[in-house]
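Take a look at the structure below.
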Amino acid sequence: MQTLPDIPHDYGTAGQVAFAIDKVSFGDGYSQRRPKGLNSVADTLTLNWTLLEPEDWQTLYDFLRGTQGVTAFLYQPAWESQPRQWLCSALNYVKPTSYRRGAITAQLEENFDP
């Protein structure tokens with residue numbers, strides 16, 4: 001499995017946690033909940049790269065676009081000890097020009113496929 005290119009992203013990673021649950025409602029407002037499956041907690045991260053040199057921009061853009069949102073890759077967030085599988089679900093960019101550097105913003109969704 002491929003790994004996200006080692007191009008440092010901006011400081012401060014925005015994240016979100018989604019909980020998958022099964023819920024059954026009974027009469028009188030009573031309900032029961034339980035986790036849905038083994039991987040019921042999934043992270044979504046937003047990574048930003050700004051002021052990218054054209055070569056780094058092209059490497060990162062080609063890699064993320066090449067996954068087409070369906071090919072998982074490894075990425076290890078700075079605060080974790082092990083890499084996890086991710087999918088790139090959204091990609092925004094500003095192309096570099098001869099006098100300006102480029103920027104990329106990628107939304108990564110945790111992936112649990114074997």
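Residues in the structure tokens are named by chain (A, B, ... in the order shown) and by number from 1 within that chain; ligands are numbered from 1 in the order shown.
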
Query - Per-residue DSSP, chain A, filtered to strand (DSSP E), as an NGL selection string - result: :A and (14-19 or 21-25 or 31-35 or 41-52 or 73-75 or 84-94 or 102-110)

Query - Selection near Phe63 of chain A, 10 Å with only C-alpha atoms, sequence-local residues under 2 positions removed, as a list in words - result: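 After dropping sequence-adjacent residues, the list is Gln2, Thr3, Leu4, Pro5, Trp57, Gln58, Thr59, Leu60, Tyr61, Arg65, Gly66, Thr67, Gln68 and Phe73 of chain A.
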
Query raised in the report: Can you list every residue in segment 46-84 of chain A that DSSP puts in alpha helix (DSSP H), as a ChimeraX atom specification?
Result: /A:54-66

Query raised in the report: Could you pull the residues within 10 Å of Asp113 of chain A, counting only C-alpha atoms, minus those fewer than 3 positions along the same chain, as an MDAnalysis selection string?
Result: chainID A and resid 72 85:86 110

**Report entry** Val41 of chain A environment, 8 Å, only C-alpha atoms, sequence neighbours closer than 3 positions dropped, as a ChimeraX atom specification
**Finding:** /A:17-20

Those selected residues, please, written with N, CA, C and O atoms and delivered as a JSON list (two decimals), in the first residue's frame.
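Generated file (result39.json):
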[["chain", "number", "residue", "atom", "x", "y", "z"],
["A", 17, "VAL", "N", -14.93, 13.37, 14.28],
["A", 17, "VAL", "CA", -15.15, 11.96, 14.58],
["A", 17, "VAL", "C", -16.61, 11.65, 14.32],
["A", 17, "VAL", "O", -17.50, 12.40, 14.73],
["A", 18, "ALA", "N", -16.86, 10.55, 13.61],
["A", 18, "ALA", "CA", -18.23, 10.10, 13.34],
["A", 18, "ALA", "C", -18.45, 8.77, 14.06],
["A", 18, "ALA", "O", -17.60, 7.88, 14.02],
["A", 19, "PHE", "N", -19.60, 8.65, 14.72],
["A", 19, "PHE", "CA", -19.97, 7.44, 15.44],
["A", 19, "PHE", "C", -21.09, 6.74, 14.69],
["A", 19, "PHE", "O", -22.13, 7.33, 14.44],
["A", 20, "ALA", "N", -20.88, 5.48, 14.35],
["A", 20, "ALA", "CA", -21.92, 4.68, 13.71],
["A", 20, "ALA", "C", -22.60, 3.86, 14.80],
["A", 20, "ALA", "O", -21.95, 3.08, 15.49]]

Give one line per residue of segment 57-102 of chain A that approaches segment 43-49 of chain A to at most 12 Å, naming the two atoms of the closest pair and their distance in Å to one decimal, counting only C-alpha atoms; sort by chain then ascending residue number and deliver it as a tab-separated table.
residue	atom	partner	partner_atom	distance
A:Trp57	CA	A:Trp49	CA	8.6
A:Leu60	CA	A:Trp49	CA	9.4
A:Tyr61	CA	A:Trp49	CA	10.7
A:Leu64	CA	A:Leu47	CA	11.9
A:Tyr75	CA	A:Leu45	CA	10.8
A:Gln76	CA	A:Leu45	CA	11.4
A:Pro77	CA	A:Leu45	CA	9.3
A:Ala78	CA	A:Leu47	CA	11.8
A:Arg84	CA	A:Asp43	CA	10.4
A:Gln85	CA	A:Asp43	CA	10.7
A:Trp86	CA	A:Thr44	CA	8.9
A:Leu87	CA	A:Thr44	CA	9.5
A:Cys88	CA	A:Leu45	CA	9.6
A:Ser89	CA	A:Thr44	CA	9.4
A:Ala90	CA	A:Thr46	CA	9.3
A:Leu91	CA	A:Thr46	CA	9.8
A:Asn92	CA	A:Asn48	CA	9.4
A:Tyr93	CA	A:Trp49	CA	9.2
A:Val94	CA	A:Trp49	CA	10.3
A:Lys95	CA	A:Trp49	CA	11.9
A:Arg101	CA	A:Trp49	CA	10.5
A:Gly102	CA	A:Trp49	CA	8.4

File dump, residues just selected, N, CA, C and O atoms, as a PDB file, in the first residue's frame:
ATOM      1  N   TRP A  57       4.036  20.583  -5.104  1.00  0.00           N
ATOM      2  CA  TRP A  57       2.611  20.680  -5.424  1.00  0.00           C
ATOM      3  C   TRP A  57       2.229  19.584  -6.413  1.00  0.00           C
ATOM      4  O   TRP A  57       1.245  18.890  -6.224  1.00  0.00           O
ATOM      5  N   LEU A  60       2.274  16.002  -4.782  1.00  0.00           N
ATOM      6  CA  LEU A  60       1.133  15.796  -3.886  1.00  0.00           C
ATOM      7  C   LEU A  60      -0.181  15.730  -4.651  1.00  0.00           C
ATOM      8  O   LEU A  60      -1.010  14.843  -4.420  1.00  0.00           O
ATOM      9  N   TYR A  61      -0.368  16.628  -5.592  1.00  0.00           N
ATOM     10  CA  TYR A  61      -1.588  16.652  -6.401  1.00  0.00           C
ATOM     11  C   TYR A  61      -1.749  15.356  -7.196  1.00  0.00           C
ATOM     12  O   TYR A  61      -2.816  14.746  -7.197  1.00  0.00           O
ATOM     13  N   LEU A  64      -2.688  12.422  -4.714  1.00  0.00           N
ATOM     14  CA  LEU A  64      -4.056  12.460  -4.182  1.00  0.00           C
ATOM     15  C   LEU A  64      -5.105  12.300  -5.280  1.00  0.00           C
ATOM     16  O   LEU A  64      -6.082  11.575  -5.113  1.00  0.00           O
ATOM     17  N   TYR A  75      -1.243   7.023   6.098  1.00  0.00           N
ATOM     18  CA  TYR A  75      -0.836   8.340   6.606  1.00  0.00           C
ATOM     19  C   TYR A  75      -0.803   8.247   8.123  1.00  0.00           C
ATOM     20  O   TYR A  75      -1.703   7.677   8.743  1.00  0.00           O
ATOM     21  N   GLN A  76       0.245   8.797   8.705  1.00  0.00           N
ATOM     22  CA  GLN A  76       0.397   8.784  10.163  1.00  0.00           C
ATOM     23  C   GLN A  76       0.307  10.206  10.693  1.00  0.00           C
ATOM     24  O   GLN A  76       1.228  10.996  10.513  1.00  0.00           O
ATOM     25  N   PRO A  77      -0.816  10.546  11.355  1.00  0.00           N
ATOM     26  CA  PRO A  77      -0.905  11.872  11.971  1.00  0.00           C
ATOM     27  C   PRO A  77       0.222  12.084  12.981  1.00  0.00           C
ATOM     28  O   PRO A  77       0.709  11.127  13.594  1.00  0.00           O
ATOM     29  N   ALA A  78       0.626  13.308  13.150  1.00  0.00           N
ATOM     30  CA  ALA A  78       1.789  13.654  13.971  1.00  0.00           C
ATOM     31  C   ALA A  78       1.679  13.168  15.415  1.00  0.00           C
ATOM     32  O   ALA A  78       2.673  12.865  16.039  1.00  0.00           O
ATOM     33  N   ARG A  84      -2.393   4.851   9.694  1.00  0.00           N
ATOM     34  CA  ARG A  84      -3.714   4.266   9.456  1.00  0.00           C
ATOM     35  C   ARG A  84      -4.048   4.424   7.982  1.00  0.00           C
ATOM     36  O   ARG A  84      -3.426   5.197   7.277  1.00  0.00           O
ATOM     37  N   GLN A  85      -5.077   3.683   7.542  1.00  0.00           N
ATOM     38  CA  GLN A  85      -5.530   3.765   6.155  1.00  0.00           C
ATOM     39  C   GLN A  85      -6.500   4.936   5.998  1.00  0.00           C
ATOM     40  O   GLN A  85      -7.369   5.146   6.835  1.00  0.00           O
ATOM     41  N   TRP A  86      -6.351   5.632   4.861  1.00  0.00           N
ATOM     42  CA  TRP A  86      -7.199   6.791   4.578  1.00  0.00           C
ATOM     43  C   TRP A  86      -7.609   6.779   3.113  1.00  0.00           C
ATOM     44  O   TRP A  86      -6.925   6.218   2.267  1.00  0.00           O
ATOM     45  N   LEU A  87      -8.710   7.462   2.834  1.00  0.00           N
ATOM     46  CA  LEU A  87      -9.155   7.753   1.475  1.00  0.00           C
ATOM     47  C   LEU A  87      -9.241   9.262   1.341  1.00  0.00           C
ATOM     48  O   LEU A  87      -9.646   9.954   2.286  1.00  0.00           O
ATOM     49  N   CYS A  88      -8.886   9.804   0.191  1.00  0.00           N
ATOM     50  CA  CYS A  88      -9.041  11.239  -0.062  1.00  0.00           C
ATOM     51  C   CYS A  88     -10.429  11.451  -0.650  1.00  0.00           C
ATOM     52  O   CYS A  88     -10.706  11.074  -1.780  1.00  0.00           O
ATOM     53  N   SER A  89     -11.324  12.049   0.138  1.00  0.00           N
ATOM     54  CA  SER A  89     -12.709  12.224  -0.303  1.00  0.00           C
ATOM     55  C   SER A  89     -12.962  13.568  -0.975  1.00  0.00           C
ATOM     56  O   SER A  89     -13.969  13.745  -1.655  1.00  0.00           O
ATOM     57  N   ALA A  90     -12.061  14.518  -0.793  1.00  0.00           N
ATOM     58  CA  ALA A  90     -12.213  15.833  -1.435  1.00  0.00           C
ATOM     59  C   ALA A  90     -10.829  16.464  -1.584  1.00  0.00           C
ATOM     60  O   ALA A  90      -9.961  16.294  -0.727  1.00  0.00           O
ATOM     61  N   LEU A  91     -10.659  17.196  -2.670  1.00  0.00           N
ATOM     62  CA  LEU A  91      -9.370  17.807  -2.965  1.00  0.00           C
ATOM     63  C   LEU A  91      -9.600  19.192  -3.552  1.00  0.00           C
ATOM     64  O   LEU A  91     -10.272  19.337  -4.570  1.00  0.00           O
ATOM     65  N   ASN A  92      -9.063  20.203  -2.902  1.00  0.00           N
ATOM     66  CA  ASN A  92      -9.132  21.586  -3.389  1.00  0.00           C
ATOM     67  C   ASN A  92      -7.702  22.076  -3.593  1.00  0.00           C
ATOM     68  O   ASN A  92      -6.808  21.706  -2.835  1.00  0.00           O
ATOM     69  N   TYR A  93      -7.513  22.930  -4.593  1.00  0.00           N
ATOM     70  CA  TYR A  93      -6.151  23.354  -4.878  1.00  0.00           C
ATOM     71  C   TYR A  93      -6.107  24.728  -5.515  1.00  0.00           C
ATOM     72  O   TYR A  93      -7.078  25.209  -6.074  1.00  0.00           O
ATOM     73  N   VAL A  94      -4.919  25.339  -5.430  1.00  0.00           N
ATOM     74  CA  VAL A  94      -4.555  26.550  -6.165  1.00  0.00           C
ATOM     75  C   VAL A  94      -3.244  26.214  -6.852  1.00  0.00           C
ATOM     76  O   VAL A  94      -2.249  25.898  -6.195  1.00  0.00           O
ATOM     77  N   LYS A  95      -3.263  26.248  -8.188  1.00  0.00           N
ATOM     78  CA  LYS A  95      -2.060  25.883  -8.946  1.00  0.00           C
ATOM     79  C   LYS A  95      -0.985  26.947  -8.791  1.00  0.00           C
ATOM     80  O   LYS A  95      -1.272  28.147  -8.785  1.00  0.00           O
ATOM     81  N   ARG A 101       3.349  30.480  -5.330  1.00  0.00           N
ATOM     82  CA  ARG A 101       3.355  29.089  -4.891  1.00  0.00           C
ATOM     83  C   ARG A 101       1.930  28.554  -4.850  1.00  0.00           C
ATOM     84  O   ARG A 101       0.971  29.309  -4.835  1.00  0.00           O
ATOM     85  N   GLY A 102       1.816  27.246  -4.812  1.00  0.00           N
ATOM     86  CA  GLY A 102       0.504  26.613  -4.839  1.00  0.00           C
ATOM     87  C   GLY A 102       0.036  26.174  -3.463  1.00  0.00           C
ATOM     88  O   GLY A 102       0.786  26.205  -2.488  1.00  0.00           O
TER      89      GLY A 102
END

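Taking atom CA of His9 of chain A and atom CA of Glu109 of chain A as the two end points, the separation is 16.6 Å.
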
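Atom CA of Trp79 of chain A is positioned 28.5 Å from atom CA of Arg34 of chain A.
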
Report summary line: Of A:Gln16, A:Ser31, A:Thr50, A:Ile21, the one nearest to Thr105 of chain A when counting only C-alpha atoms is A:Thr50
